[in-house]
$ cat final.cif   # mmCIF, C-alpha atoms
data_my_file
loop_
_atom_site.label_atom_id
_atom_site.label_comp_id
_atom_site.auth_asym_id
_atom_site.auth_seq_id
_atom_site.Cartn_x
_atom_site.Cartn_y
_atom_site.Cartn_z
CA MET A 112 46.08 33.69 -15.42
CA ALA A 113 45.05 32.84 -11.85
CA GLU A 114 42.22 30.34 -11.37
CA THR A 115 39.00 31.69 -9.83
CA PRO A 116 37.34 30.02 -6.80
CA ALA A 117 34.65 28.63 -9.14
CA HIS A 118 37.29 27.08 -11.39
CA LEU A 119 39.09 25.64 -8.39
CA LYS A 120 35.84 24.02 -7.21
CA ILE A 121 35.24 22.49 -10.66
CA LYS A 122 38.80 21.19 -10.65
CA LYS A 123 38.38 19.73 -7.15
CA ASP A 124 35.10 18.00 -8.13
CA ALA A 125 36.87 16.34 -11.08
CA GLU A 126 39.86 15.06 -9.11
CA ASN A 127 40.53 11.38 -8.42
CA MET A 128 38.17 10.13 -11.11
CA ARG A 129 38.43 6.87 -12.99
CA ILE A 130 38.51 7.68 -16.71
CA LEU A 131 38.47 5.30 -19.67
CA LEU A 132 40.27 6.52 -22.79
CA VAL A 133 39.48 4.67 -26.03
CA GLU A 134 42.46 5.52 -28.27
CA ASP A 135 44.51 3.39 -30.67
CA ASN A 136 47.40 5.88 -31.01
CA PRO A 137 49.96 5.33 -28.17
CA ASP A 138 51.39 8.88 -28.51
CA HIS A 139 47.96 10.47 -28.14
CA SER A 140 47.16 8.16 -25.23
CA TYR A 141 50.37 9.25 -23.48
CA LEU A 142 49.61 12.95 -23.95
CA VAL A 143 46.01 12.61 -22.68
CA ARG A 144 47.08 10.60 -19.65
CA LYS A 145 49.94 13.02 -18.83
CA SER A 146 47.65 16.08 -19.14
CA VAL A 147 44.84 14.63 -17.05
CA ASN A 148 47.11 13.17 -14.36
CA GLU A 149 48.99 16.44 -13.87
CA ALA A 150 45.89 18.65 -13.81
CA LEU A 151 43.29 16.43 -12.09
CA ARG A 152 45.24 13.59 -10.46
CA SER A 153 42.74 11.17 -12.06
CA GLN A 154 43.36 7.59 -13.12
CA VAL A 155 43.25 7.12 -16.90
CA GLU A 156 42.92 3.58 -18.26
CA ILE A 157 43.45 2.82 -21.95
CA ALA A 158 41.37 0.70 -24.35
CA GLU A 159 43.13 0.38 -27.73
CA SER A 160 39.97 -0.30 -29.77
CA GLY A 161 36.26 0.39 -29.71
CA GLU A 162 35.47 -3.27 -29.12
CA GLN A 163 37.87 -3.40 -26.17
CA GLY A 164 36.34 -0.21 -24.74
CA VAL A 165 32.79 -1.59 -24.98
CA MET A 166 33.86 -4.84 -23.30
CA ARG A 167 35.51 -3.00 -20.39
CA LEU A 168 32.50 -0.71 -19.96
CA GLY A 169 30.28 -3.78 -19.78
CA ASN A 170 32.31 -5.17 -16.87
CA GLU A 171 33.60 -2.11 -14.99
CA LYS A 172 32.37 1.29 -13.86
CA TYR A 173 34.02 4.56 -14.93
CA ASP A 174 33.32 8.16 -13.99
CA LEU A 175 33.96 9.49 -17.51
CA ILE A 176 34.69 8.17 -21.01
CA ILE A 177 36.88 9.80 -23.65
CA SER A 178 36.98 8.25 -27.11
CA ASP A 179 38.69 9.07 -30.35
CA PHE A 180 36.35 9.06 -33.34
CA ASN A 181 38.72 7.39 -35.83
CA LEU A 182 39.31 3.91 -34.43
CA PRO A 183 40.07 0.63 -36.18
CA GLY A 184 36.92 -1.46 -36.53
CA MET A 185 34.23 0.15 -34.35
CA SER A 186 34.25 3.96 -34.59
CA GLY A 187 33.96 6.28 -31.59
CA LEU A 188 30.38 7.12 -32.60
CA GLU A 189 29.50 3.41 -32.67
CA VAL A 190 31.10 3.01 -29.24
CA LEU A 191 28.90 5.83 -27.92
CA LYS A 192 25.70 4.39 -29.37
CA THR A 193 26.53 0.87 -28.13
CA ILE A 194 27.23 1.87 -24.54
CA LYS A 195 24.05 3.98 -24.46
CA GLU A 196 22.10 0.88 -25.45
CA MET A 197 23.94 -1.01 -22.69
CA GLY A 198 22.75 1.56 -20.14
CA VAL A 199 26.22 2.88 -19.25
CA ASP A 200 25.58 6.02 -17.20
CA ALA A 201 28.70 8.18 -17.51
CA PRO A 202 29.53 11.39 -19.43
CA PHE A 203 31.16 10.89 -22.85
CA ILE A 204 33.67 13.19 -24.57
CA MET A 205 34.48 12.68 -28.26
CA LEU A 206 37.94 13.47 -29.71
CA THR A 207 37.65 14.52 -33.37
CA GLY A 208 40.02 15.60 -36.11
CA GLN A 209 40.17 19.15 -37.44
CA GLY A 210 37.32 19.91 -39.80
CA ASP A 211 35.10 17.12 -38.41
CA GLU A 212 32.33 19.41 -37.18
CA LYS A 213 29.69 17.04 -38.55
CA VAL A 214 31.17 14.24 -36.47
CA ALA A 215 30.99 16.44 -33.36
CA VAL A 216 27.35 17.30 -34.05
CA SER A 217 26.46 13.61 -34.57
CA ALA A 218 28.19 12.70 -31.31
CA MET A 219 26.29 15.36 -29.35
CA GLN A 220 23.02 14.20 -30.91
CA ALA A 221 23.84 10.60 -29.92
CA GLY A 222 24.34 11.58 -26.27
CA ALA A 223 27.92 12.85 -25.93
CA TYR A 224 28.36 15.60 -23.34
CA ASN A 225 31.22 17.35 -25.10
CA TYR A 226 33.86 17.10 -27.82
CA VAL A 227 37.46 18.25 -28.27
CA VAL A 228 39.15 18.87 -31.60
CA LYS A 229 42.63 17.37 -31.82
CA ASP A 230 44.83 20.38 -32.42
CA ASP A 231 47.90 22.00 -30.88
CA VAL A 232 46.08 23.09 -27.67
CA CYS A 233 43.65 20.18 -27.16
CA TYR A 234 45.74 18.51 -24.45
CA THR A 235 46.05 21.81 -22.59
CA ILE A 236 42.29 22.47 -22.52
CA LEU A 237 41.23 18.85 -22.01
CA PRO A 238 41.35 18.94 -18.15
CA ARG A 239 39.11 22.02 -18.15
CA VAL A 240 36.67 20.33 -20.59
CA ILE A 241 36.63 17.21 -18.37
CA SER A 242 35.90 19.29 -15.26
CA GLU A 243 33.09 21.26 -16.91
CA THR A 244 31.63 18.09 -18.45
CA LEU A 245 31.58 16.33 -15.10
CA THR A 246 29.96 19.36 -13.44
CA GLN A 247 27.26 19.47 -16.11
CA PHE A 248 26.69 15.72 -15.87
CA ARG A 249 26.26 15.91 -12.09
CA ALA A 250 23.90 18.86 -12.45
CA ASP A 251 21.81 16.91 -14.97
CA LYS A 252 21.68 13.88 -12.64
CA GLU A 253 20.56 16.08 -9.76
CA LYS A 254 17.91 17.65 -11.98
CA GLU A 255 16.68 14.17 -12.98
CA ARG A 256 16.57 13.14 -9.32
CA LEU A 257 14.58 16.22 -8.34
CA GLU A 258 12.19 15.80 -11.27
CA ARG A 259 11.69 12.13 -10.36
CA GLU A 260 11.09 13.05 -6.72
CA ILE A 261 8.60 15.75 -7.72
CA ARG A 262 6.83 13.32 -10.05
CA GLU A 263 6.63 10.63 -7.34
CA LYS A 264 5.34 13.13 -4.77
CA SER A 265 2.81 14.48 -7.27
CA GLU A 266 1.56 10.95 -7.95
CA ALA A 267 1.37 10.26 -4.20
CA LEU A 268 -0.53 13.53 -3.69
CA GLU A 269 -2.96 12.69 -6.50
CA LYS A 270 -3.53 9.25 -4.97
CA ALA A 271 -4.11 10.80 -1.54
CA ASN A 272 -6.54 13.31 -3.05
CA ARG A 273 -8.45 10.51 -4.78
CA GLU A 274 -8.63 8.58 -1.52
CA LEU A 275 -9.77 11.67 0.37
CA LYS A 276 -12.41 12.33 -2.26
CA LYS A 277 -13.61 8.72 -2.03
CA LEU A 278 -13.64 8.92 1.78
CA ASP A 279 -15.59 12.17 1.62
CA GLU A 280 -18.15 10.56 -0.70
CA LEU A 281 -18.39 7.52 1.59
CA LYS A 282 -18.88 9.75 4.63
CA SER A 283 -21.64 11.65 2.82
CA GLN A 284 -23.34 8.36 1.98
CA PHE A 285 -22.78 7.23 5.55
CA ILE A 286 -24.39 10.35 7.04
CA SER A 287 -27.34 9.97 4.68
CA SER A 288 -27.67 6.29 5.56
CA VAL A 289 -27.39 6.87 9.32
CA SER A 290 -29.94 9.69 9.16
CA HIS A 291 -32.33 7.33 7.40
CA GLU A 292 -31.55 4.53 9.87
CA PHE A 293 -32.29 6.80 12.85
CA LYS A 294 -35.44 8.24 11.31
CA ASN A 295 -37.23 4.93 10.75
CA PRO A 296 -36.98 3.47 14.29
CA LEU A 297 -37.65 6.88 15.86
CA ASN A 298 -40.85 7.23 13.82
CA SER A 299 -41.83 3.68 14.79
CA ILE A 300 -41.27 4.39 18.50
CA GLN A 301 -43.15 7.68 18.28
CA GLU A 302 -46.13 6.09 16.54
CA SER A 303 -46.23 3.16 18.98
CA ILE A 304 -46.22 5.48 22.00
CA ALA A 305 -48.90 7.67 20.40
CA LEU A 306 -51.15 4.65 19.83
CA VAL A 307 -50.87 3.71 23.50
CA LEU A 308 -51.24 7.26 24.86
CA ASP A 309 -54.24 8.00 22.65
CA GLY A 310 -55.95 4.84 23.89
CA ILE A 311 -56.15 3.32 20.43
CA VAL A 312 -54.42 0.13 21.62
CA ASN A 313 -54.21 -1.47 25.06
CA PRO A 314 -50.68 -2.67 25.99
CA THR A 315 -52.18 -5.65 27.84
CA GLU A 316 -54.04 -6.92 24.76
CA PRO A 317 -52.43 -8.87 21.88
CA LYS A 318 -52.60 -5.93 19.44
CA GLY A 319 -51.13 -3.58 22.03
CA LYS A 320 -48.38 -6.05 22.91
CA ARG A 321 -47.45 -6.26 19.25
CA VAL A 322 -47.21 -2.46 19.08
CA MET A 323 -44.92 -2.46 22.13
CA GLU A 324 -42.77 -5.23 20.59
CA ILE A 325 -42.30 -3.05 17.51
CA ALA A 326 -41.24 -0.15 19.74
CA GLN A 327 -38.82 -2.42 21.64
CA ASN A 328 -37.26 -3.73 18.41
CA SER A 329 -36.85 -0.17 17.15
CA THR A 330 -35.19 0.81 20.44
CA GLU A 331 -32.77 -2.11 20.13
CA ARG A 332 -31.97 -1.05 16.57
CA LEU A 333 -31.22 2.49 17.73
CA THR A 334 -29.00 1.14 20.51
CA ILE A 335 -26.96 -0.84 17.99
CA LEU A 336 -26.57 2.23 15.76
CA VAL A 337 -25.48 4.44 18.65
CA ASN A 338 -23.04 1.81 19.96
CA ASP A 339 -21.49 1.45 16.48
CA LEU A 340 -21.01 5.20 16.24
CA LEU A 341 -19.53 5.41 19.75
CA ASP A 342 -17.15 2.50 19.13
CA PHE A 343 -16.08 3.94 15.80
CA SER A 344 -15.41 7.31 17.43
CA LYS A 345 -13.30 5.65 20.18
CA LEU A 346 -11.31 3.64 17.65
CA GLU A 347 -10.65 6.70 15.50
CA ALA A 348 -9.40 8.59 18.55
CA GLY A 349 -7.37 5.62 19.80
CA LYS A 350 -9.33 5.61 23.05
CA MET A 351 -10.94 2.18 22.97
CA LYS A 352 -9.45 0.28 25.90
CA MET A 353 -9.14 -3.49 26.01
CA GLU A 354 -9.73 -5.03 29.46
CA LYS A 355 -7.75 -8.20 28.73
CA GLU A 356 -7.63 -11.26 30.95
CA PRO A 357 -7.01 -15.00 30.54
CA VAL A 358 -10.30 -16.45 29.29
CA ASP A 359 -11.44 -19.75 27.79
CA ILE A 360 -12.66 -18.96 24.29
CA ARG A 361 -15.30 -21.71 24.61
CA GLY A 362 -17.14 -19.65 27.24
CA VAL A 363 -17.04 -16.60 24.98
CA LEU A 364 -18.54 -18.64 22.11
CA THR A 365 -21.29 -19.94 24.40
CA GLU A 366 -22.16 -16.41 25.54
CA ALA A 367 -22.38 -15.18 21.95
CA LEU A 368 -24.46 -18.22 20.99
CA ASP A 369 -26.92 -17.68 23.85
CA SER A 370 -27.21 -14.00 22.95
CA MET A 371 -28.00 -14.62 19.27
CA SER A 372 -30.08 -17.82 19.53
CA PRO A 373 -33.46 -16.03 19.89
CA LEU A 374 -32.87 -14.06 16.66
CA ALA A 375 -31.75 -17.22 14.83
CA GLU A 376 -34.80 -19.15 16.06
CA LYS A 377 -37.06 -16.31 14.96
CA ARG A 378 -35.59 -16.61 11.45
CA LYS A 379 -35.77 -20.44 11.65
CA ILE A 380 -32.00 -20.73 11.30
CA THR A 381 -30.03 -23.45 13.09
CA LEU A 382 -27.23 -21.93 15.21
CA THR A 383 -24.69 -24.40 16.63
CA CYS A 384 -21.33 -24.28 18.36
CA ALA A 385 -18.77 -27.09 18.42
CA PRO A 386 -15.36 -26.04 19.77
CA ALA A 387 -12.77 -28.56 20.96
CA ALA A 388 -13.34 -30.36 24.25
CA HIS A 389 -10.13 -29.09 25.87
CA LYS A 390 -9.58 -25.59 27.22
CA MET A 391 -8.40 -22.89 24.82
CA ILE A 392 -7.19 -19.95 26.88
CA VAL A 393 -6.65 -16.57 25.21
CA PHE A 394 -5.58 -13.25 26.71
CA ALA A 395 -8.45 -11.07 25.58
CA ASP A 396 -11.24 -8.69 26.51
CA PRO A 397 -14.18 -11.14 26.63
CA MET A 398 -16.78 -8.40 26.18
CA ARG A 399 -15.11 -7.15 22.99
CA ILE A 400 -14.68 -10.64 21.56
CA VAL A 401 -18.37 -11.32 22.24
CA GLN A 402 -19.05 -8.07 20.36
CA VAL A 403 -17.06 -9.35 17.38
CA LEU A 404 -18.86 -12.68 17.43
CA THR A 405 -22.36 -11.22 17.77
CA ASN A 406 -21.65 -8.87 14.88
CA LEU A 407 -20.48 -11.74 12.67
CA ILE A 408 -23.43 -13.95 13.72
CA SER A 409 -25.88 -11.08 13.17
CA ASN A 410 -24.54 -10.57 9.64
CA ALA A 411 -24.73 -14.32 9.01
CA ILE A 412 -28.37 -14.35 10.10
CA LYS A 413 -29.16 -11.39 7.84
CA TYR A 414 -27.71 -13.06 4.77
CA THR A 415 -28.98 -16.60 5.41
CA GLN A 416 -32.41 -17.71 4.23
CA GLU A 417 -34.91 -19.38 6.57
CA GLY A 418 -34.02 -23.01 7.17
CA GLY A 419 -30.30 -22.29 6.82
CA ALA A 420 -27.52 -23.04 9.28
CA ILE A 421 -24.76 -21.12 11.09
CA ARG A 422 -21.91 -22.86 12.88
CA LEU A 423 -19.43 -21.41 15.38
CA ASP A 424 -16.11 -23.15 15.82
CA ALA A 425 -12.70 -22.69 17.43
CA ARG A 426 -9.47 -24.61 17.00
CA SER A 427 -5.85 -24.30 18.11
CA GLU A 428 -3.01 -24.25 15.60
CA LYS A 429 0.61 -23.12 15.34
CA ASP A 430 1.37 -19.79 13.71
CA PRO A 431 4.00 -20.57 10.99
CA ALA A 432 5.43 -17.05 11.22
CA SER A 433 6.14 -17.08 14.98
CA SER A 434 5.82 -20.79 15.90
CA LEU A 435 3.45 -19.70 18.70
CA GLN A 436 0.04 -21.26 19.25
CA LYS A 437 -3.01 -19.30 18.17
CA ILE A 438 -6.76 -19.82 18.37
CA VAL A 439 -8.72 -19.63 15.12
CA VAL A 440 -12.41 -18.75 15.59
CA SER A 441 -14.85 -19.15 12.69
CA VAL A 442 -18.46 -18.26 11.90
CA LYS A 443 -19.73 -20.30 8.94
CA ASP A 444 -23.12 -19.75 7.28
CA SER A 445 -25.08 -21.33 4.43
CA GLY A 446 -26.20 -17.93 3.14
CA ALA A 447 -26.03 -16.02 -0.12
CA GLY A 448 -22.23 -15.63 -0.19
CA ILE A 449 -20.11 -12.68 -1.29
CA ALA A 450 -18.87 -11.88 -4.79
CA LYS A 451 -15.10 -12.30 -5.21
CA GLU A 452 -14.61 -8.66 -6.23
CA ASN A 453 -16.18 -7.48 -2.96
CA LEU A 454 -14.09 -9.58 -0.57
CA SER A 455 -11.27 -7.01 -0.33
CA ARG A 456 -13.73 -4.18 0.49
CA ILE A 457 -15.91 -5.86 3.05
CA PHE A 458 -13.91 -4.74 6.12
CA GLU A 459 -13.57 -1.11 4.94
CA ARG A 460 -15.37 1.58 6.93
CA PHE A 461 -18.70 2.87 5.57
CA GLU A 462 -18.84 -0.01 3.06
CA GLN A 463 -22.22 -1.68 2.62
CA ILE A 464 -21.95 -4.33 -0.07
CA LYS A 465 -25.15 -4.61 -2.08
CA GLN A 466 -25.55 -7.58 -4.42
CA PRO A 467 -28.46 -8.66 -6.65
CA GLN A 468 -28.82 -12.00 -4.83
CA HIS A 469 -29.61 -10.11 -1.58
CA ARG A 470 -32.81 -8.49 -2.87
CA ASP A 471 -35.03 -11.14 -1.29
CA LEU A 472 -33.36 -10.85 2.12
CA PRO A 473 -34.95 -8.65 4.82
CA ALA A 474 -33.68 -5.27 6.12
CA LEU A 475 -29.97 -5.28 5.35
CA GLN A 476 -29.38 -1.60 6.07
CA GLY A 477 -26.79 -0.54 8.61
CA THR A 478 -24.00 1.90 9.30
CA GLY A 479 -21.39 0.01 7.31
CA LEU A 480 -19.14 0.16 10.39
CA GLY A 481 -19.72 -3.23 12.01
CA LEU A 482 -17.06 -5.26 10.19
CA SER A 483 -14.61 -2.37 10.29
CA ILE A 484 -15.02 -2.23 14.08
CA CYS A 485 -14.55 -6.02 14.27
CA ARG A 486 -11.29 -5.73 12.35
CA GLU A 487 -9.99 -2.99 14.66
CA ILE A 488 -10.88 -4.97 17.81
CA VAL A 489 -9.19 -8.13 16.50
CA GLN A 490 -6.08 -6.16 15.53
CA LEU A 491 -5.96 -4.64 19.03
CA HIS A 492 -5.71 -8.25 20.23
CA GLN A 493 -2.73 -8.86 17.86
CA GLY A 494 -4.92 -11.04 15.67
CA ARG A 495 -6.23 -10.84 12.13
CA ILE A 496 -9.64 -11.29 10.51
CA TRP A 497 -10.60 -12.44 7.02
CA VAL A 498 -13.42 -14.03 5.04
CA GLU A 499 -13.72 -16.90 2.58
CA SER A 500 -16.84 -16.96 0.45
CA GLU A 501 -18.42 -18.04 -2.81
CA LEU A 502 -21.68 -16.82 -4.28
CA GLY A 503 -24.52 -19.19 -3.50
CA LYS A 504 -22.37 -21.31 -1.17
CA GLY A 505 -22.24 -19.22 1.98
CA SER A 506 -19.44 -17.43 3.81
CA THR A 507 -16.98 -18.22 6.59
CA PHE A 508 -15.49 -15.42 8.66
CA PHE A 509 -12.30 -16.24 10.55
CA PHE A 510 -10.33 -14.36 13.17
CA THR A 511 -7.31 -15.30 15.24
CA LEU A 512 -6.28 -14.62 18.83
CA PRO A 513 -2.88 -15.44 20.37
CA ARG A 514 -3.11 -18.38 22.76
CA TYR A 515 -2.36 -17.42 26.35
CA GLN A 516 1.15 -18.65 27.26
#
$ encode --input "final.cif" --output "structure tokens"
Amino acid sequence: MAETPAHLKIKKDAENMRILLVEDNPDHSYLVRKSVNEALRSQVEIAESGEQGVMRLGNEKYDLIISDFNLPGMSGLEVLKTIKEMGVDAPFIMLTGQGDEKVAVSAMQAGAYNYVVKDDVCYTILPRVISETLTQFRADKEKERLEREIREKSEALEKANRELKKLDELKSQFISSVSHEFKNPLNSIQESIALVLDGIVNPTEPKGKRVMEIAQNSTERLTILVNDLLDFSKLEAGKMKMEKEPVDIRGVLTEALDSMSPLAEKRKITLTCAPAAHKMIVFADPMRIVQVLTNLISNAIKYTQEGGAIRLDARSEKDPASSLQKIVVSVKDSGAGIAKENLSRIFERFEQIKQPQHRDLPALQGTGLGLSICREIVQLHQGRIWVESELGKGSTFFFTLPRYQ
């Protein structure tokens, strides 16, 4: 009977395999090897006992295993169970005597792929059984791979959906917060202007000046909010440009210090700066680095009680990863500190960490974008930013900039 194309393909897939035969009868071993070699041109190696077969399978890799059931010492079924426990991943065919149907069933239940009864035609049909077994084994492995891939992709999709849901919730909270943040200063400005226009207060008198100061503070607050939103939008779109140039970081620290000193003095907080005496040149956008520093100082002022202290510093050190020099800038405060569980979230967008120890501190509301923007700006300078903090012992924010070579 002529072989069909499908049979020829199965035969081709089974060719040139490495097969281990566990068989103590030399005559049977010869017949199996002769049949398989002629039909499949596969290499058949012999183990004369179950123990020897297990030892070889522990040290070498085979494409298929054939084992007689009746072996001296360890039976073929024990061989099968042992190598399954060892994690041997290869199809197993059991050779059984006539009338040993129960043995065949036990072997299949233990993980055998097929069985062949030793009779007058077993050596003739064995190559076909090997080919079909190998085809089924490969199909099962492909099915397992696809199922694993589907499971991994499903888990990744579920994780992405959870993250999207969380981001959507954060954005909703953000919109609500920003709406509230815009409403308050706008109302304050509107009321201040109305008081002046209606003649209730005179801008040249102390009471009127105070009203105008309130309006000015509210305007500054709105400016900060709008700038945060604009910067965030630029960063999201990848359109924030860095105008980098060689600059001494000490001058940048001084500019940030001068900018924030009035607010610190108003809160009766000591703000100092003590960088090294020698020049520390970085290749950076000075305006953006000042923005990072003023944001960090502003946060430090918010979370530091009156009479506290904030210190700016900068030092040069070698980066162990690249052996290049880098500048490490720090903003250290004596404020309320940050809980350990919140440290990993503090630079995330829309995050506004609220802690019980902050209840006595004034006006901590914001967009929740400031530190996220700082992180993006530092990363655009090939640096990194992080925080070290302990509740009740203040916080220190660090960021690095590559030293200009």
$ resolve_selection --input "final.cif" --expression "the PyMOL selection byres ((chain A and resi 348-364) around 8)" --output "PyMOL selection string"
chain A and resi 342+344-347+365-368+384+386+390-397+399-401+404+423+425+491+515
$ atom_distance --input "final.cif" --atom1 "CA of Tyr234 (chain A)" --atom2 "CA of Ile194 (chain A)"
24.9 Å
$ residues_around --input "final.cif" --residues "Asn328 (chain A)" --least-positions-apart "3" --cutoff "12 Å" --atoms "all atoms listed in the file" --output "mmCIF file with C-alpha atoms, in the coordinates of the input"
data_model
loop_
_atom_site.group_PDB
_atom_site.id
_atom_site.type_symbol
_atom_site.label_atom_id
_atom_site.label_comp_id
_atom_site.auth_asym_id
_atom_site.auth_seq_id
_atom_site.Cartn_x
_atom_site.Cartn_y
_atom_site.Cartn_z
ATOM 1 C CA ASN A 295 -37.230 4.930 10.750
ATOM 2 C CA PRO A 296 -36.980 3.470 14.290
ATOM 3 C CA LEU A 297 -37.650 6.880 15.860
ATOM 4 C CA SER A 299 -41.830 3.680 14.790
ATOM 5 C CA ILE A 300 -41.270 4.390 18.500
ATOM 6 C CA SER A 303 -46.230 3.160 18.980
ATOM 7 C CA ARG A 321 -47.450 -6.260 19.250
ATOM 8 C CA VAL A 322 -47.210 -2.460 19.080
ATOM 9 C CA MET A 323 -44.920 -2.460 22.130
ATOM 10 C CA GLU A 324 -42.770 -5.230 20.590
ATOM 11 C CA ILE A 325 -42.300 -3.050 17.510
ATOM 12 C CA GLU A 331 -32.770 -2.110 20.130
ATOM 13 C CA ARG A 332 -31.970 -1.050 16.570
ATOM 14 C CA LEU A 333 -31.220 2.490 17.730
ATOM 15 C CA THR A 334 -29.000 1.140 20.510
ATOM 16 C CA ILE A 335 -26.960 -0.840 17.990
ATOM 17 C CA LEU A 374 -32.870 -14.060 16.660
#
$ residues_around --input "final.cif" --residues "Lys377 (chain A)" --least-positions-apart "5" --cutoff "12 Å" --atoms "all atoms listed in the file" --output "count of residues only"
8
$ resolve_selection --input "final.cif" --expression "the PyMOL selection byres ((chain A and resi 162) around 8)" --output "list of chain:residue names"
A:Ser160, A:Gly161, A:Gln163, A:Gly164, A:Val165, A:Met166, A:Gly184, A:Met185, A:Val190
$ write_last_selection --input "final.cif" --atoms "C-alpha atoms" --output "CSV table (one decimal), in the coordinates of the input"
chain,number,residue,atom,x,y,z
A,160,SER,CA,40.0,-0.3,-29.8
A,161,GLY,CA,36.3,0.4,-29.7
A,163,GLN,CA,37.9,-3.4,-26.2
A,164,GLY,CA,36.3,-0.2,-24.7
A,165,VAL,CA,32.8,-1.6,-25.0
A,166,MET,CA,33.9,-4.8,-23.3
A,184,GLY,CA,36.9,-1.5,-36.5
A,185,MET,CA,34.2,0.2,-34.4
A,190,VAL,CA,31.1,3.0,-29.2
$ closest_residue --input "final.cif" --among "A:Ser186, A:Asn136, A:Asn338, A:Thr330" --to "Asn298 (chain A)" --atoms "all atoms listed in the file"
A:Thr330
$ atom_distance --input "final.cif" --atom1 "CA of Ala201 (chain A)" --atom2 "CA of Glu149 (chain A)"
22.2 Å
$ atom_distance --input "final.cif" --atom1 "CA of Asn272 (chain A)" --atom2 "CA of Ser290 (chain A)"
26.6 Å
$ residues_around --input "final.cif" --residues "Ser506 (chain A)" --least-positions-apart "3" --cutoff "10 Å" --atoms "all atoms listed in the file" --output "JSON, numbers by chain"
{"A": [411, 414, 415, 421, 442, 443, 444, 445, 446, 447, 448, 449, 498, 499, 500, 501, 502, 503, 509]}
$ residues_near_point --input "final.cif" --point "(42.0, 17.9, -37.5)" --cutoff "10 Å" --atoms "only C-alpha atoms" --output "compact mmCIF listing (two decimals) with C-alpha atoms, keeping the file's coordinate frame"
# COMPACT_ATOMS: atom_id res chain seq x y z
CA LEU A 206 37.94 13.47 -29.71
CA THR A 207 37.65 14.52 -33.37
CA GLY A 208 40.02 15.60 -36.11
CA GLN A 209 40.17 19.15 -37.44
CA GLY A 210 37.32 19.91 -39.80
CA ASP A 211 35.10 17.12 -38.41
CA GLU A 212 32.33 19.41 -37.18
CA VAL A 228 39.15 18.87 -31.60
CA LYS A 229 42.63 17.37 -31.82
CA ASP A 230 44.83 20.38 -32.42
CA ASP A 231 47.90 22.00 -30.88
